[in-house]
>>> print(open('run28.txt').read())   # compact mmCIF, C-alpha atoms
# COMPACT_ATOMS: atom_id res chain seq x y z
CA MET G 1 9.58 -10.05 -10.13
CA ASN G 2 6.02 -10.42 -11.22
CA HIS G 3 3.41 -8.28 -12.84
CA LEU G 4 0.25 -7.16 -11.05
CA HIS G 5 -3.20 -6.63 -12.55
CA THR G 6 -3.33 -3.03 -13.77
CA TYR G 7 -6.32 -1.17 -15.15
CA GLU G 8 -5.73 1.92 -17.26
CA ASP G 9 -8.12 4.42 -18.79
CA VAL G 10 -8.33 8.20 -19.28
CA ARG G 11 -8.66 8.60 -15.49
CA GLY G 12 -5.22 7.08 -14.87
CA LYS G 13 -3.98 3.72 -13.66
CA LEU G 14 -4.96 1.35 -10.86
CA THR G 15 -2.80 -1.58 -9.80
CA LEU G 16 -4.41 -4.27 -7.64
CA LEU G 17 -3.16 -6.81 -5.14
CA ARG G 18 -5.53 -9.23 -3.44
CA SER G 19 -4.49 -10.67 -0.09
CA GLY G 20 -3.94 -14.45 -0.35
CA LEU G 21 -4.53 -14.47 -4.12
CA ASP G 22 -1.91 -12.29 -5.82
CA VAL G 23 0.52 -13.06 -3.00
CA PRO G 24 0.80 -16.47 -1.27
CA PHE G 25 -0.06 -15.11 2.19
CA ASP G 26 -2.69 -13.11 4.02
CA VAL G 27 -1.57 -9.49 4.34
CA LYS G 28 -1.42 -8.58 8.04
CA ARG G 29 0.85 -5.54 7.91
CA ILE G 30 1.25 -2.83 5.31
CA TYR G 31 3.93 -0.17 5.41
CA TRP G 32 5.53 2.34 3.13
CA ILE G 33 9.08 3.65 3.24
CA TYR G 34 9.89 7.12 1.89
CA ASP G 35 12.23 10.11 2.22
CA VAL G 36 15.18 7.71 2.11
CA PRO G 37 18.46 9.53 1.37
CA SER G 38 20.12 7.98 -1.71
CA GLU G 39 23.23 6.98 0.25
CA GLN G 40 21.25 5.07 2.88
CA ASN G 41 20.51 1.34 2.99
CA ARG G 42 17.53 -0.35 4.58
CA GLY G 43 16.57 -3.94 5.25
CA ARG G 44 19.79 -5.89 5.86
CA HIS G 45 17.97 -8.67 7.60
CA ALA G 46 16.10 -11.90 7.05
CA ASN G 47 13.06 -13.21 8.89
CA HIS G 48 12.25 -16.70 10.13
CA ILE G 49 8.53 -16.62 9.37
CA THR G 50 7.49 -13.47 7.50
CA TRP G 51 6.71 -13.26 3.79
CA GLN G 52 7.03 -9.84 2.19
CA TYR G 53 6.04 -8.36 -1.13
CA LEU G 54 7.80 -5.18 -2.32
CA VAL G 55 6.51 -2.63 -4.83
CA ALA G 56 8.12 0.68 -5.82
CA VAL G 57 4.84 2.61 -6.13
CA LYS G 58 6.90 5.73 -6.90
CA GLY G 59 10.45 6.08 -8.18
CA SER G 60 12.99 3.29 -7.99
CA LEU G 61 15.34 1.39 -5.69
CA ARG G 62 17.62 -1.64 -5.79
CA VAL G 63 17.12 -4.83 -3.82
CA THR G 64 19.72 -7.49 -3.14
CA ILE G 65 18.38 -10.89 -2.17
CA GLU G 66 20.35 -13.80 -0.75
CA ASP G 67 19.15 -17.30 0.03
CA ARG G 68 20.35 -20.86 -0.43
CA ASP G 69 20.27 -20.34 -4.22
CA GLY G 70 22.81 -17.51 -3.94
CA ARG G 71 22.78 -13.74 -4.23
CA ARG G 72 21.05 -11.62 -6.88
CA ASP G 73 20.02 -8.03 -7.55
CA TYR G 74 16.79 -6.47 -8.73
CA CYS G 75 15.76 -2.98 -9.69
CA LEU G 76 12.23 -2.06 -8.60
CA GLN G 77 11.11 0.77 -10.82
CA SER G 78 7.50 0.24 -11.82
CA PRO G 79 4.28 0.53 -9.77
CA ASP G 80 2.78 -2.47 -11.58
CA GLU G 81 5.33 -5.10 -10.60
CA GLY G 82 6.59 -6.49 -7.32
CA LEU G 83 9.13 -8.78 -5.73
CA LEU G 84 8.21 -11.63 -3.38
CA VAL G 85 10.59 -12.10 -0.44
CA PRO G 86 9.93 -15.44 1.31
CA PRO G 87 10.98 -16.25 4.89
CA MET G 88 14.70 -16.99 5.33
CA THR G 89 15.71 -14.56 2.59
CA TRP G 90 18.31 -11.91 3.32
CA ASN G 91 17.35 -8.58 1.76
CA GLU G 92 19.03 -5.21 1.38
CA LEU G 93 17.33 -2.11 -0.02
CA TYR G 94 19.42 0.73 -1.43
CA ASP G 95 19.80 3.33 -4.19
CA PHE G 96 16.39 4.88 -3.47
CA SER G 97 15.69 7.53 -6.10
CA GLU G 98 14.69 11.01 -4.96
CA GLY G 99 11.02 10.88 -3.92
CA ALA G 100 10.76 7.08 -4.13
CA VAL G 101 8.04 5.28 -2.15
CA LEU G 102 8.42 1.57 -1.40
CA LEU G 103 5.22 -0.25 -0.45
CA VAL G 104 5.69 -3.44 1.59
CA LEU G 105 3.02 -6.03 2.34
CA ALA G 106 3.87 -8.52 5.07
CA SER G 107 2.37 -11.76 6.37
CA HIS G 108 2.99 -11.12 10.07
CA ASP G 109 2.99 -8.34 12.61
CA TYR G 110 6.38 -6.99 13.64
CA GLU G 111 8.08 -9.34 16.10
CA PRO G 112 11.74 -8.43 16.71
CA GLU G 113 12.65 -11.98 17.78
CA THR G 114 11.77 -13.34 14.32
CA TYR G 115 14.47 -11.25 12.59
CA ILE G 116 18.03 -12.30 11.79
CA ASN G 117 20.10 -9.12 11.69
CA SER G 118 23.56 -10.58 11.07
CA LEU G 119 24.52 -11.79 7.59
CA ASP G 120 27.10 -14.18 9.09
CA GLU G 121 24.49 -15.71 11.35
CA PHE G 122 22.05 -15.95 8.45
CA ARG G 123 24.61 -17.75 6.27
CA LYS G 124 25.31 -20.24 9.04
CA LEU G 125 21.60 -20.94 9.44
CA ILE G 126 20.95 -21.58 5.74
CA ALA G 127 24.10 -23.74 5.49
CA GLU G 128 22.81 -25.94 8.30
CA LYS G 129 19.44 -26.68 6.75
CA MET S 1 -8.46 11.93 9.02
CA ASN S 2 -6.20 10.12 11.39
CA HIS S 3 -2.51 9.79 11.97
CA LEU S 4 -0.62 6.52 11.44
CA HIS S 5 2.38 5.23 13.38
CA THR S 6 5.48 6.62 11.67
CA TYR S 7 9.11 5.81 12.44
CA GLU S 8 11.78 8.23 11.32
CA ASP S 9 15.56 8.07 11.48
CA VAL S 10 18.53 8.92 9.25
CA ARG S 11 17.44 6.16 6.85
CA GLY S 12 14.12 7.86 6.12
CA LYS S 13 10.53 7.31 7.21
CA LEU S 14 8.30 4.27 7.58
CA THR S 15 4.54 4.50 8.08
CA LEU S 16 2.72 1.42 9.31
CA LEU S 17 -0.82 0.12 9.06
CA ARG S 18 -1.83 -3.16 10.70
CA SER S 19 -4.83 -5.00 9.27
CA GLY S 20 -7.68 -5.11 11.78
CA LEU S 21 -5.82 -2.92 14.30
CA ASP S 22 -5.12 0.48 12.74
CA VAL S 23 -8.23 0.10 10.59
CA PRO S 24 -11.48 -1.49 11.79
CA PHE S 25 -11.46 -4.25 9.16
CA ASP S 26 -9.26 -7.01 7.76
CA VAL S 27 -7.53 -5.80 4.61
CA LYS S 28 -8.49 -8.07 1.71
CA ARG S 29 -7.62 -5.86 -1.23
CA ILE S 30 -4.88 -3.29 -1.72
CA TYR S 31 -4.63 -1.00 -4.71
CA TRP S 32 -2.86 2.14 -5.74
CA ILE S 33 -4.04 4.79 -8.16
CA TYR S 34 -1.53 6.90 -10.10
CA ASP S 35 -0.94 8.84 -13.32
CA VAL S 36 -4.30 10.56 -12.81
CA PRO S 37 -4.63 13.71 -14.97
CA SER S 38 -5.43 16.70 -12.75
CA GLU S 39 -8.75 17.37 -14.50
CA GLN S 40 -10.01 13.82 -13.94
CA ASN S 41 -12.25 12.57 -11.14
CA ARG S 42 -12.33 9.07 -9.70
CA GLY S 43 -14.59 7.29 -7.23
CA ARG S 44 -18.08 8.78 -7.58
CA HIS S 45 -19.67 5.80 -5.93
CA ALA S 46 -20.63 4.31 -2.60
CA ASN S 47 -20.53 0.67 -1.55
CA HIS S 48 -23.03 -1.38 0.45
CA ILE S 49 -20.47 -3.45 2.38
CA THR S 50 -16.90 -2.32 1.75
CA TRP S 51 -14.77 -0.27 4.14
CA GLN S 52 -11.90 1.65 2.60
CA TYR S 53 -8.92 3.53 3.96
CA LEU S 54 -7.22 6.15 1.77
CA VAL S 55 -3.65 7.43 2.03
CA ALA S 56 -1.86 9.83 -0.32
CA VAL S 57 1.53 8.11 -0.12
CA LYS S 58 2.83 10.64 -2.66
CA GLY S 59 1.53 14.06 -3.62
CA SER S 60 -1.98 15.21 -2.84
CA LEU S 61 -5.63 14.94 -3.86
CA ARG S 62 -9.02 16.06 -2.66
CA VAL S 63 -11.80 13.80 -1.42
CA THR S 64 -15.46 14.66 -1.06
CA ILE S 65 -17.46 12.43 1.25
CA GLU S 66 -21.24 12.33 1.59
CA ASP S 67 -23.29 10.32 4.05
CA ARG S 68 -26.32 10.83 6.30
CA ASP S 69 -24.36 13.50 8.21
CA GLY S 70 -23.94 15.59 5.07
CA ARG S 71 -21.17 16.45 2.65
CA ARG S 72 -17.57 17.45 3.47
CA ASP S 73 -14.19 17.81 1.82
CA TYR S 74 -10.74 16.64 2.76
CA CYS S 75 -7.29 17.20 1.36
CA LEU S 76 -5.04 14.16 1.53
CA GLN S 77 -1.49 15.40 1.36
CA SER S 78 0.66 13.46 3.80
CA PRO S 79 1.88 9.83 3.70
CA ASP S 80 1.40 9.49 7.46
CA GLU S 81 -2.33 10.15 7.64
CA GLY S 82 -5.38 8.51 6.15
CA LEU S 83 -9.12 8.79 5.72
CA LEU S 84 -11.55 6.01 6.66
CA VAL S 85 -14.48 5.58 4.27
CA PRO S 86 -17.16 3.31 5.80
CA PRO S 87 -19.80 1.43 3.79
CA MET S 88 -22.67 3.60 2.51
CA THR S 89 -20.44 6.64 2.06
CA TRP S 90 -20.39 8.42 -1.29
CA ASN S 91 -16.84 9.43 -2.26
CA GLU S 92 -15.32 11.47 -5.05
CA LEU S 93 -11.57 11.80 -5.65
CA TYR S 94 -10.21 14.74 -7.63
CA ASP S 95 -7.47 17.36 -7.94
CA PHE S 96 -4.70 14.77 -8.03
CA SER S 97 -1.35 16.58 -8.01
CA GLU S 98 1.21 15.69 -10.66
CA GLY S 99 2.82 12.38 -9.71
CA ALA S 100 0.40 11.67 -6.84
CA VAL S 101 -0.10 8.07 -5.66
CA LEU S 102 -3.23 7.16 -3.70
CA LEU S 103 -3.03 3.93 -1.69
CA VAL S 104 -6.38 2.28 -0.91
CA LEU S 105 -6.95 -0.58 1.53
CA ALA S 106 -10.31 -2.31 1.27
CA SER S 107 -12.24 -4.84 3.33
CA HIS S 108 -13.69 -6.84 0.44
CA ASP S 109 -12.78 -8.10 -2.99
CA TYR S 110 -14.23 -6.19 -5.92
CA GLU S 111 -17.87 -7.10 -6.47
CA PRO S 112 -19.62 -4.80 -8.97
CA GLU S 113 -23.08 -5.54 -7.52
CA THR S 114 -22.10 -4.01 -4.16
CA TYR S 115 -21.50 -0.56 -5.69
CA ILE S 116 -23.96 2.31 -5.95
CA ASN S 117 -22.91 4.40 -8.94
CA SER S 118 -25.70 7.00 -8.97
CA LEU S 119 -25.68 9.86 -6.46
CA ASP S 120 -29.46 10.21 -6.77
CA GLU S 121 -29.96 6.54 -5.99
CA PHE S 122 -27.50 6.78 -3.08
CA ARG S 123 -29.36 9.76 -1.60
CA LYS S 124 -32.66 7.89 -1.82
CA LEU S 125 -31.14 4.89 -0.06
CA ILE S 126 -29.72 6.86 2.87
CA ALA S 127 -32.95 8.87 3.22
CA GLU S 128 -34.91 5.62 3.57
CA LYS S 129 -32.85 4.20 6.41
>>> encode(input="run28.txt", output="structure tokens")
Amino acid sequence: MNHLHTYEDVRGKLTLLRSGLDVPFDVKRIYWIYDVPSEQNRGRHANHITWQYLVAVKGSLRVTIEDRDGRRDYCLQSPDEGLLVPPMTWNELYDFSEGAVLLVLASHDYEPETYINSLDEFRKLIAEK
Amino acid sequence: MNHLHTYEDVRGKLTLLRSGLDVPFDVKRIYWIYDVPSEQNRGRHANHITWQYLVAVKGSLRVTIEDRDGRRDYCLQSPDEGLLVPPMTWNELYDFSEGAVLLVLASHDYEPETYINSLDEFRKLIAEK
């Protein structure tokens, strides 16, 4: 998790992310996920080439990450901090709070063939490397 | 205002914006504005070179735009639509609803010298061209 530049005055707050500077990739794709029922999960995949950066711009959610260093959990709950998800990192998104909005910045366009959608297959791949 | 690709299923909604494809510029800078008191205004400037794209990913706000074609008002109130603000367009943001989050995608890094902060000066500039 890391903290993003945030500017606050009487007019409110502004949090800034510069492509290629505040994240180690050029942002090609931006999407936001919302209206997620609290019992639903999202993600549950890894990607061969894509970097992602996750920010809960509203509300909160939990993220589980798994890579060769093991498995760990994060709670995203502040619009001024984000989580970097490198390529070859399994990620699961869950426990979205009511009204939460997750902003995702990604390094590549969507290419289905770059995704690994099976955790077993992912674990075999990282064990081989 | 234009509509963005949105994917909906039982897991919620995802709205997508591709740099250089869904907006006519490469996204260099991404920021989000939040915790804006309802009586406060933001913006109140134009920019010589920067394109912006505005999306109310949560809540609603009003935007007033002024350019050589005149002055008009928009209400941003849906996470699946956005407003393109070209260079040399005066913009004012106001009437933020409680808890609103405005996502802004911009074509350039922040450079104070590219901003026009006086409406009188802006009107002189567009009248000259």
>>> atom_distance(input="run28.txt", atom1="CA of Asp22 (chain S)", atom2="CA of His3 (chain S)")
9.7 Å
>>> axis_aligned_box(input="run28.txt", around="region 45-61 of chain G", padding_each_side="5 Å", output="lines of an AutoDock Vina configuration file")
center_x = 11.4
center_y = -5.3
center_z = 1.0
size_x = 23.1
size_y = 32.8
size_z = 28.3
>>> interface_residues(input="run28.txt", of="chain S", to="chain G", cutoff="6 Å", atoms="all atoms listed in the file", output="count of residues only")
19
>>> atom_distance(input="run28.txt", atom1="CA of Leu119 (chain S)", atom2="CA of Pro86 (chain S)")
16.3 Å
>>> atom_distance(input="run28.txt", atom1="CA of Ser78 (chain S)", atom2="CA of Ser60 (chain S)")
7.4 Å
>>> residues_around(input="run28.txt", residues="Val63 (chain S)", least_positions_apart="3", cutoff="7 Å", atoms="only C-alpha atoms", output="list of chain:residue names")
S:Asp73, S:Tyr74, S:Cys75, S:Asn91, S:Glu92, S:Leu93, S:Tyr94
